[in-house]
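So this one's entry-v1.txt, compact mmCIF, C-alpha atoms:
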# COMPACT_ATOMS: atom_id res chain seq x y z
CA MET A 1 144.50 -67.32 127.98
CA ASN A 2 148.04 -68.69 127.68
CA ARG A 3 148.83 -72.38 128.02
CA SER A 4 150.34 -72.11 131.52
CA THR A 5 147.26 -70.29 132.83
CA PHE A 6 144.97 -72.89 131.24
CA LEU A 7 146.90 -75.79 132.72
CA ALA A 8 146.89 -74.20 136.17
CA GLY A 9 143.13 -73.71 135.99
CA SER A 10 142.59 -77.26 134.77
CA ALA A 11 144.69 -78.59 137.63
CA SER A 12 142.57 -76.67 140.13
CA LEU A 13 139.36 -78.08 138.68
CA ALA A 14 140.81 -81.58 138.70
CA ALA A 15 141.70 -81.22 142.34
CA LEU A 16 138.11 -80.28 143.16
CA ALA A 17 136.55 -83.12 141.15
CA PRO A 18 136.30 -86.48 142.97
CA THR A 19 138.37 -89.24 141.43
CA SER A 20 136.78 -92.62 140.72
CA ALA A 21 138.82 -94.05 143.59
CA SER A 22 137.61 -91.45 146.10
CA ALA A 23 134.04 -91.77 144.82
CA ALA A 24 134.19 -95.52 145.34
CA GLU A 25 135.28 -94.97 148.93
CA ASN A 26 131.96 -93.26 149.58
CA ILE A 27 129.94 -96.20 148.24
CA PRO A 28 129.59 -99.08 150.73
CA GLY A 29 131.11 -102.08 148.99
CA GLY A 30 132.55 -99.98 146.16
CA THR A 31 131.40 -99.47 142.59
CA HIS A 32 132.41 -102.73 140.91
CA LEU A 33 129.84 -105.30 139.86
CA VAL A 34 131.84 -107.78 141.96
CA GLU A 35 132.95 -106.27 145.26
CA ARG A 36 136.71 -106.26 145.82
CA LYS A 37 138.43 -107.03 149.10
CA ALA A 38 139.80 -103.48 149.19
CA ASP A 39 136.22 -102.16 149.23
CA PHE A 40 134.94 -104.55 151.91
CA ASN A 41 134.96 -103.19 155.45
CA GLU A 42 135.99 -106.52 156.91
CA ALA A 43 137.11 -105.03 160.23
CA GLU A 44 133.62 -103.67 160.91
CA PHE A 45 132.05 -106.92 159.71
CA SER A 46 134.23 -108.89 162.12
CA ARG A 47 133.36 -106.53 164.95
CA LEU A 48 129.64 -106.93 164.32
CA VAL A 49 129.45 -110.69 163.85
CA GLY A 50 132.46 -111.77 165.92
CA LYS A 51 131.43 -110.26 169.25
CA PRO A 52 131.77 -112.55 172.30
CA ALA A 53 128.65 -114.74 172.49
CA ASP A 54 127.40 -117.98 173.98
CA ILE A 55 125.00 -118.65 171.12
CA ARG A 56 125.29 -117.66 167.45
CA GLN A 57 122.47 -117.94 164.92
CA MET A 58 122.08 -116.66 161.36
CA TRP A 59 118.85 -116.31 159.41
CA GLU A 60 119.13 -116.47 155.62
CA ALA A 61 116.15 -114.95 153.79
CA VAL A 62 115.75 -115.37 150.04
CA ALA A 63 111.97 -115.50 149.73
CA PHE A 64 110.18 -112.30 150.74
CA LYS A 65 108.21 -113.52 153.76
CA PRO A 66 108.07 -110.86 156.51
CA ALA A 67 106.79 -113.47 158.97
CA VAL A 68 110.46 -114.41 159.38
CA PHE A 69 110.84 -111.43 161.72
CA ASN A 70 108.36 -113.05 164.08
CA ASN A 71 110.55 -116.15 164.05
CA VAL A 72 113.63 -114.08 164.87
CA LYS A 73 111.75 -112.40 167.71
CA ASN A 74 110.64 -115.78 169.06
CA SER A 75 114.21 -117.04 168.93
CA LEU A 76 115.47 -114.04 170.88
CA ASN A 77 112.77 -114.46 173.51
CA ALA A 78 113.30 -118.19 173.91
CA LEU A 79 117.06 -117.84 174.17
CA ARG A 80 116.83 -115.03 176.72
CA PHE A 81 113.81 -115.92 178.83
CA GLY A 82 113.58 -119.68 178.31
CA PHE A 83 117.21 -120.78 178.14
CA GLY A 84 118.47 -117.87 180.22
CA TYR A 85 121.17 -116.49 177.94
CA ALA A 86 122.07 -112.86 178.63
CA GLN A 87 120.99 -110.54 175.81
CA ASP A 88 124.55 -109.34 175.22
CA ARG A 89 125.70 -112.97 174.85
CA ILE A 90 123.29 -113.73 171.99
CA ALA A 91 124.55 -113.09 168.45
CA ILE A 92 121.95 -113.17 165.66
CA VAL A 93 122.64 -112.09 162.08
CA PHE A 94 119.96 -111.53 159.43
CA CYS A 95 121.19 -112.39 155.93
CA PRO A 96 118.74 -111.30 153.21
CA HIS A 97 119.34 -111.55 149.49
CA GLY A 98 117.19 -111.72 146.39
CA ALA A 99 113.95 -109.80 146.91
CA SER A 100 114.55 -109.87 150.66
CA SER A 101 117.43 -107.43 150.22
CA SER A 102 114.78 -104.72 150.07
CA TYR A 103 114.23 -105.08 153.83
CA THR A 104 117.41 -103.01 154.16
CA TYR A 105 116.41 -100.26 151.68
CA THR A 106 115.12 -96.90 152.89
CA ASP A 107 111.74 -95.44 151.89
CA TYR A 108 113.61 -93.21 149.44
CA ILE A 109 114.72 -96.28 147.48
CA TRP A 110 111.37 -98.06 147.78
CA THR A 111 109.60 -95.02 146.36
CA LYS A 112 112.09 -93.86 143.73
CA TYR A 113 112.50 -97.28 142.10
CA LYS A 114 109.03 -98.70 142.84
CA ILE A 115 110.56 -101.67 144.66
CA GLY A 116 107.18 -103.18 145.57
CA ASP A 117 106.08 -103.07 141.94
CA PHE A 118 109.40 -104.48 140.72
CA PHE A 119 109.29 -107.50 143.03
CA LYS A 120 105.47 -107.83 142.94
CA LEU A 121 105.32 -107.34 146.71
CA THR A 122 101.85 -106.79 148.13
CA ASP A 123 100.33 -106.28 151.57
CA ALA A 124 97.55 -108.32 153.20
CA LYS A 125 95.00 -106.53 151.02
CA SER A 126 96.97 -107.31 147.83
CA ASN A 127 98.00 -103.68 147.40
CA PRO A 128 101.57 -102.95 146.26
CA ILE A 129 103.95 -102.15 149.12
CA THR A 130 105.29 -98.66 148.49
CA SER A 131 107.65 -98.12 151.43
CA ASN A 132 109.73 -100.05 153.93
CA VAL A 133 106.86 -100.75 156.33
CA PHE A 134 109.01 -103.34 158.11
CA LEU A 135 111.52 -100.87 159.52
CA LYS A 136 109.69 -99.12 162.36
CA PRO A 137 107.21 -100.42 164.97
CA ALA A 138 103.64 -100.28 163.71
CA LYS A 139 102.50 -98.78 167.01
CA ALA A 140 103.92 -97.05 170.06
CA LEU A 141 105.55 -99.60 172.35
CA SER A 142 105.04 -99.73 176.08
CA SER A 143 108.04 -99.47 178.38
CA SER A 144 107.14 -102.73 180.09
CA SER A 145 109.92 -105.25 180.68
CA ASP A 146 107.36 -108.08 180.70
CA PRO A 147 107.97 -110.35 177.69
CA ASP A 148 104.26 -111.30 177.77
CA ASP A 149 103.18 -107.69 177.15
CA GLU A 150 101.81 -107.73 173.60
CA ASN A 151 102.47 -103.99 173.32
CA GLY A 152 106.05 -104.22 174.56
CA MET A 153 109.32 -104.46 172.68
CA PHE A 154 109.69 -108.19 173.31
CA GLN A 155 106.67 -108.88 171.09
CA ASP A 156 107.52 -106.34 168.41
CA THR A 157 108.88 -107.60 165.09
CA SER A 158 110.04 -104.37 163.46
CA ILE A 159 113.58 -104.22 162.11
CA GLU A 160 114.49 -101.29 164.37
CA THR A 161 113.38 -103.15 167.49
CA LEU A 162 115.26 -106.29 166.45
CA GLN A 163 118.35 -104.16 165.82
CA ASN A 164 117.97 -102.59 169.26
CA ARG A 165 117.92 -106.11 170.67
CA GLY A 166 121.24 -106.86 168.97
CA VAL A 167 120.29 -108.41 165.62
CA VAL A 168 122.80 -107.51 162.89
CA PHE A 169 121.33 -106.84 159.43
CA LEU A 170 123.47 -107.36 156.34
CA THR A 171 123.04 -106.17 152.74
CA CYS A 172 124.26 -108.22 149.76
CA HIS A 173 126.37 -106.12 147.37
CA THR A 174 125.89 -108.62 144.56
CA ALA A 175 122.11 -108.54 144.97
CA VAL A 176 122.09 -104.74 144.80
CA GLU A 177 124.20 -104.67 141.64
CA GLU A 178 122.05 -107.29 139.93
CA GLN A 179 118.81 -105.64 141.01
CA ALA A 180 120.05 -102.28 139.73
CA ARG A 181 120.39 -103.78 136.27
CA GLY A 182 116.92 -105.25 136.53
CA LEU A 183 115.44 -101.94 137.66
CA VAL A 184 116.93 -100.11 134.67
CA LYS A 185 115.76 -102.79 132.26
CA ALA A 186 112.24 -102.73 133.73
CA GLY A 187 112.03 -98.95 133.40
CA ASN A 188 111.83 -98.41 137.16
CA ALA A 189 114.84 -96.10 137.22
CA PRO A 190 114.57 -92.44 136.17
CA GLY A 191 115.63 -91.80 132.60
CA GLY A 192 119.33 -91.38 132.05
CA MET A 193 120.40 -93.42 135.06
CA SER A 194 122.76 -96.31 134.41
CA ALA A 195 122.75 -99.53 136.38
CA SER A 196 125.88 -98.33 138.17
CA ASP A 197 124.13 -95.09 139.09
CA VAL A 198 121.20 -97.02 140.55
CA ALA A 199 123.42 -99.41 142.49
CA ASP A 200 125.39 -96.50 143.96
CA ASP A 201 122.13 -94.79 144.91
CA ILE A 202 120.82 -97.89 146.70
CA LEU A 203 124.08 -98.57 148.52
CA THR A 204 124.21 -95.02 149.85
CA HIS A 205 120.56 -95.12 151.00
CA LEU A 206 120.40 -98.23 153.16
CA ILE A 207 118.64 -98.34 156.52
CA PRO A 208 120.83 -97.29 159.48
CA GLY A 209 122.94 -100.06 160.94
CA THR A 210 123.01 -102.44 157.96
CA HIS A 211 126.42 -103.64 156.75
CA VAL A 212 127.28 -104.38 153.12
CA VAL A 213 128.93 -107.74 152.39
CA PRO A 214 130.41 -108.90 149.05
CA GLY A 215 127.87 -111.68 148.46
CA MET A 216 125.36 -113.24 150.83
CA VAL A 217 125.83 -116.84 149.69
CA ALA A 218 129.54 -116.51 150.48
CA THR A 219 128.86 -114.65 153.73
CA VAL A 220 126.68 -117.52 154.95
CA ALA A 221 129.64 -119.86 154.49
CA VAL A 222 132.01 -117.47 156.30
CA LEU A 223 129.58 -117.07 159.21
CA GLN A 224 129.33 -120.84 159.54
CA GLN A 225 132.96 -121.75 159.06
CA ARG A 226 134.85 -118.86 160.64
CA TYR A 227 132.38 -117.55 163.21
CA HIS A 228 130.51 -120.80 164.00
CA TYR A 229 126.95 -119.58 163.45
CA SER A 230 124.13 -122.09 163.27
CA TYR A 231 122.08 -121.79 160.11
CA ILE A 232 118.39 -121.29 159.39
CA THR A 233 117.13 -120.51 155.90
CA LEU A 234 113.89 -119.14 154.47
CA ALA A 235 114.32 -120.01 150.83
CA LEU A 236 110.84 -120.83 149.56

As structure tokens, what does this structure read like?
Amino acid sequence: MNRSTFLAGSASLAALAPTSASAAENIPGGTHLVERKADFNEAEFSRLVGKPADIRQMWEAVAFKPAVFNNVKNSLNALRFGFGYAQDRIAIVFCPHGASSSYTYTDYIWTKYKIGDFFKLTDAKSNPITSNVFLKPAKALSSSSDPDDENGMFQDTSIETLQNRGVVFLTCHTAVEEQARGLVKAGNAPGGMSASDVADDILTHLIPGTHVVPGMVATVAVLQQRYHYSYITLAL
């Protein structure tokens, strides 16, 4: 093979191979340990959290306490049925970080990296949680529009139901990157995977509808200052 033929073939292969820049575009939040502004989909973030609303409330979750979803449900019900706000005029954002970030991970991630084992998360019977049991309703919901119906959507606390009622779920890019390093160190990642590989895998396997933000502690400040959200935290 002469040099010109070799170079032409190499150029063709290079054109087919994804560049680091194009690869980063496919990873929500990008591939850096610290998310850059160029990788943050701020327009979509603004659309989600900046919608017209009469009441704005954010829930920060650091401690892994699923009962918080019951609190969010109660807030939605009280605002709509007690205070009389229209559902489309209520803006609620759920801001998990730390172990609570795993609320926004798919079953694929929970299983592959043994998330329940890593965070020592157990169910009511003290068994390790092996999947995202918080995502879907635990039972079929009735079609009743009565908020007192215990089998209806207004008493359901699953993430999908809360999303359907307008709650925006965020994912902390910083938390994912830091957890990826912890998962590799703990031996929870398959052999040969780097921390960057794990982080990219998590960020591309989030539950539908969640939006990646650069860092949750900073996002809380932005939601308060720029978008005027009231603040509730579950830190302990």

Inset, instruction - For each of A:Lys185, A:Lys73, A:Arg56, A:Arg89, take the minimum atom-to-atom distance to Gln163 in chain A, counting only C-alpha atoms, then give the residue where this is smallest. - result: A:Lys73

Which residues of range 160-200 of chain A come within 12 Å of range 44-51 of chain A, and what is each one's closest atom pair and distance in Å (one decimal), counting all atoms listed in the file, sorted by chain and residue number, as a tab-separated table?
residue	atom	partner	partner_atom	distance
A:Gln163	CA	A:Leu48	CA	11.7
A:Gly166	CA	A:Leu48	CA	9.6
A:Val167	CA	A:Leu48	CA	9.6
A:Val168	CA	A:Leu48	CA	7.0
A:Phe169	CA	A:Leu48	CA	9.6
A:Leu170	CA	A:Phe45	CA	9.2
A:Thr171	CA	A:Phe45	CA	11.4

Legend entry - Atomic distance CA of Ala43 in chain A - CA of Ile92 in chain A, expressed in Å with one decimal: 18.0 Å

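Remark: for Ser158 in chain A, the closest of the candidate residues A:Cys95, A:Leu206, A:Leu135, A:Val72 is A:Leu135 (distances computed over all atoms listed in the file).
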
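With all atoms listed in the file as the atoms that count, the residue of A:Val217, A:Met153, A:Leu33, A:Ala99 with the shortest distance to Pro66 in chain A is A:Ala99.
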
Inset, instruction - Please measure the separation of CA of Pro190 in chain A and CA of Cys172 in chain A, giving the value in Å to one decimal. - result: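 Pair CA of Pro190 in chain A / CA of Cys172 in chain A returns 23.0 Å.
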
Inset, instruction - Excluding range 197-201 of chain A and any residue of its chain fewer than 3 positions from it, enumerate the residues within 7 Å of it, using only C-alpha atoms, and give them as a PyMOL selection string. - result: chain A and resi 27+31+176-177+180+193-194+204-205

Legend entry - Selected residue of minimal separation from Val220 in chain A among A:Asp123, A:Asp39, A:Asp54, A:Glu60, counting only C-alpha atoms: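 Ranking A:Asp123, A:Asp39, A:Asp54, A:Glu60 by distance to Val220 in chain A, first place goes to A:Glu60.
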
Legend entry - Closest of A:Met58, A:Ala195, A:Val133, A:Ile207 to His32 in chain A - atom-to-atom distances counting all atoms listed in the file: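 Closest candidate: A:Ala195.
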
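As for CA of Gln224 in chain A and CA of Gln57 in chain A, they are spaced 9.2 Å apart.
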
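The residue that comes closest to Ala86 in chain A, out of A:Thr106, A:Phe119, A:His228, A:Ile55 and on the basis of only C-alpha atoms, is A:Ile55.
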
Can you spit out range 81-154 of chain A with C-alpha atoms, as a PDB file, in the first residue's frame, from the structure just given?
ATOM      1  CA  PHE A  81     -57.627  21.255  46.013  1.00  0.00           C
ATOM      2  CA  GLY A  82     -57.170  23.286  49.190  1.00  0.00           C
ATOM      3  CA  PHE A  83     -55.795  26.597  47.932  1.00  0.00           C
ATOM      4  CA  GLY A  84     -57.372  26.265  44.505  1.00  0.00           C
ATOM      5  CA  TYR A  85     -54.342  26.782  42.281  1.00  0.00           C
ATOM      6  CA  ALA A  86     -54.733  25.357  38.773  1.00  0.00           C
ATOM      7  CA  GLN A  87     -52.454  22.375  38.162  1.00  0.00           C
ATOM      8  CA  ASP A  88     -50.727  24.086  35.238  1.00  0.00           C
ATOM      9  CA  ARG A  89     -49.958  27.093  37.467  1.00  0.00           C
ATOM     10  CA  ILE A  90     -48.059  25.036  40.060  1.00  0.00           C
ATOM     11  CA  ALA A  91     -44.301  24.621  39.514  1.00  0.00           C
ATOM     12  CA  ILE A  92     -42.534  22.021  41.670  1.00  0.00           C
ATOM     13  CA  VAL A  93     -38.935  20.911  41.133  1.00  0.00           C
ATOM     14  CA  PHE A  94     -37.338  17.886  42.808  1.00  0.00           C
ATOM     15  CA  CYS A  95     -33.611  18.394  43.443  1.00  0.00           C
ATOM     16  CA  PRO A  96     -31.872  15.192  44.581  1.00  0.00           C
ATOM     17  CA  HIS A  97     -28.164  14.805  45.168  1.00  0.00           C
ATOM     18  CA  GLY A  98     -25.949  12.506  47.186  1.00  0.00           C
ATOM     19  CA  ALA A  99     -27.531   9.064  47.495  1.00  0.00           C
ATOM     20  CA  SER A 100     -30.874  10.545  46.454  1.00  0.00           C
ATOM     21  CA  SER A 101     -29.529  11.022  42.932  1.00  0.00           C
ATOM     22  CA  SER A 102     -30.288   7.341  42.407  1.00  0.00           C
ATOM     23  CA  TYR A 103     -34.017   8.162  42.265  1.00  0.00           C
ATOM     24  CA  THR A 104     -33.299   9.297  38.707  1.00  0.00           C
ATOM     25  CA  TYR A 105     -31.315   6.186  37.645  1.00  0.00           C
ATOM     26  CA  THR A 106     -32.918   3.467  35.539  1.00  0.00           C
ATOM     27  CA  ASP A 107     -33.118  -0.193  36.595  1.00  0.00           C
ATOM     28  CA  TYR A 108     -30.214  -0.865  34.234  1.00  0.00           C
ATOM     29  CA  ILE A 109     -27.963   1.351  36.364  1.00  0.00           C
ATOM     30  CA  TRP A 110     -29.329   0.076  39.676  1.00  0.00           C
ATOM     31  CA  THR A 111     -28.614  -3.503  38.632  1.00  0.00           C
ATOM     32  CA  LYS A 112     -25.323  -3.094  36.775  1.00  0.00           C
ATOM     33  CA  TYR A 113     -23.612  -1.087  39.530  1.00  0.00           C
ATOM     34  CA  LYS A 114     -25.444  -2.552  42.546  1.00  0.00           C
ATOM     35  CA  ILE A 115     -26.621   0.898  43.599  1.00  0.00           C
ATOM     36  CA  GLY A 116     -28.583  -0.393  46.595  1.00  0.00           C
ATOM     37  CA  ASP A 117     -25.525  -2.238  47.886  1.00  0.00           C
ATOM     38  CA  PHE A 118     -23.255   0.760  47.259  1.00  0.00           C
ATOM     39  CA  PHE A 119     -25.440   3.171  49.232  1.00  0.00           C
ATOM     40  CA  LYS A 120     -26.619   0.547  51.764  1.00  0.00           C
ATOM     41  CA  LEU A 121     -30.234   1.129  50.719  1.00  0.00           C
ATOM     42  CA  THR A 122     -32.726  -1.384  52.057  1.00  0.00           C
ATOM     43  CA  ASP A 123     -36.481  -1.908  51.876  1.00  0.00           C
ATOM     44  CA  ALA A 124     -38.920  -2.242  54.786  1.00  0.00           C
ATOM     45  CA  LYS A 125     -37.722  -5.816  55.330  1.00  0.00           C
ATOM     46  CA  SER A 126     -34.058  -4.725  55.415  1.00  0.00           C
ATOM     47  CA  ASN A 127     -33.353  -6.350  52.051  1.00  0.00           C
ATOM     48  CA  PRO A 128     -31.096  -4.480  49.591  1.00  0.00           C
ATOM     49  CA  ILE A 129     -33.015  -2.471  47.000  1.00  0.00           C
ATOM     50  CA  THR A 130     -32.013  -3.835  43.602  1.00  0.00           C
ATOM     51  CA  SER A 131     -34.012  -1.651  41.201  1.00  0.00           C
ATOM     52  CA  ASN A 132     -35.663   1.743  40.980  1.00  0.00           C
ATOM     53  CA  VAL A 133     -38.865   0.712  42.746  1.00  0.00           C
ATOM     54  CA  PHE A 134     -39.808   4.374  43.139  1.00  0.00           C
ATOM     55  CA  LEU A 135     -40.330   5.052  39.452  1.00  0.00           C
ATOM     56  CA  LYS A 136     -43.635   3.368  38.600  1.00  0.00           C
ATOM     57  CA  PRO A 137     -46.905   3.045  40.559  1.00  0.00           C
ATOM     58  CA  ALA A 138     -46.897   0.003  42.814  1.00  0.00           C
ATOM     59  CA  LYS A 139     -50.409  -0.888  41.659  1.00  0.00           C
ATOM     60  CA  ALA A 140     -52.829  -0.118  38.864  1.00  0.00           C
ATOM     61  CA  LEU A 141     -54.426   3.271  39.432  1.00  0.00           C
ATOM     62  CA  SER A 142     -58.114   3.973  39.091  1.00  0.00           C
ATOM     63  CA  SER A 143     -59.294   6.632  36.660  1.00  0.00           C
ATOM     64  CA  SER A 144     -61.166   8.448  39.401  1.00  0.00           C
ATOM     65  CA  SER A 145     -60.781  12.223  39.608  1.00  0.00           C
ATOM     66  CA  ASP A 146     -61.614  12.115  43.323  1.00  0.00           C
ATOM     67  CA  PRO A 147     -58.546  13.179  45.342  1.00  0.00           C
ATOM     68  CA  ASP A 148     -59.841  11.066  48.259  1.00  0.00           C
ATOM     69  CA  ASP A 149     -59.650   7.856  46.200  1.00  0.00           C
ATOM     70  CA  GLU A 150     -56.759   5.929  47.749  1.00  0.00           C
ATOM     71  CA  ASN A 151     -56.317   4.011  44.489  1.00  0.00           C
ATOM     72  CA  GLY A 152     -56.299   7.114  42.306  1.00  0.00           C
ATOM     73  CA  MET A 153     -53.434   9.165  40.934  1.00  0.00           C
ATOM     74  CA  PHE A 154     -53.869  11.936  43.509  1.00  0.00           C
TER      75      PHE A 154
END
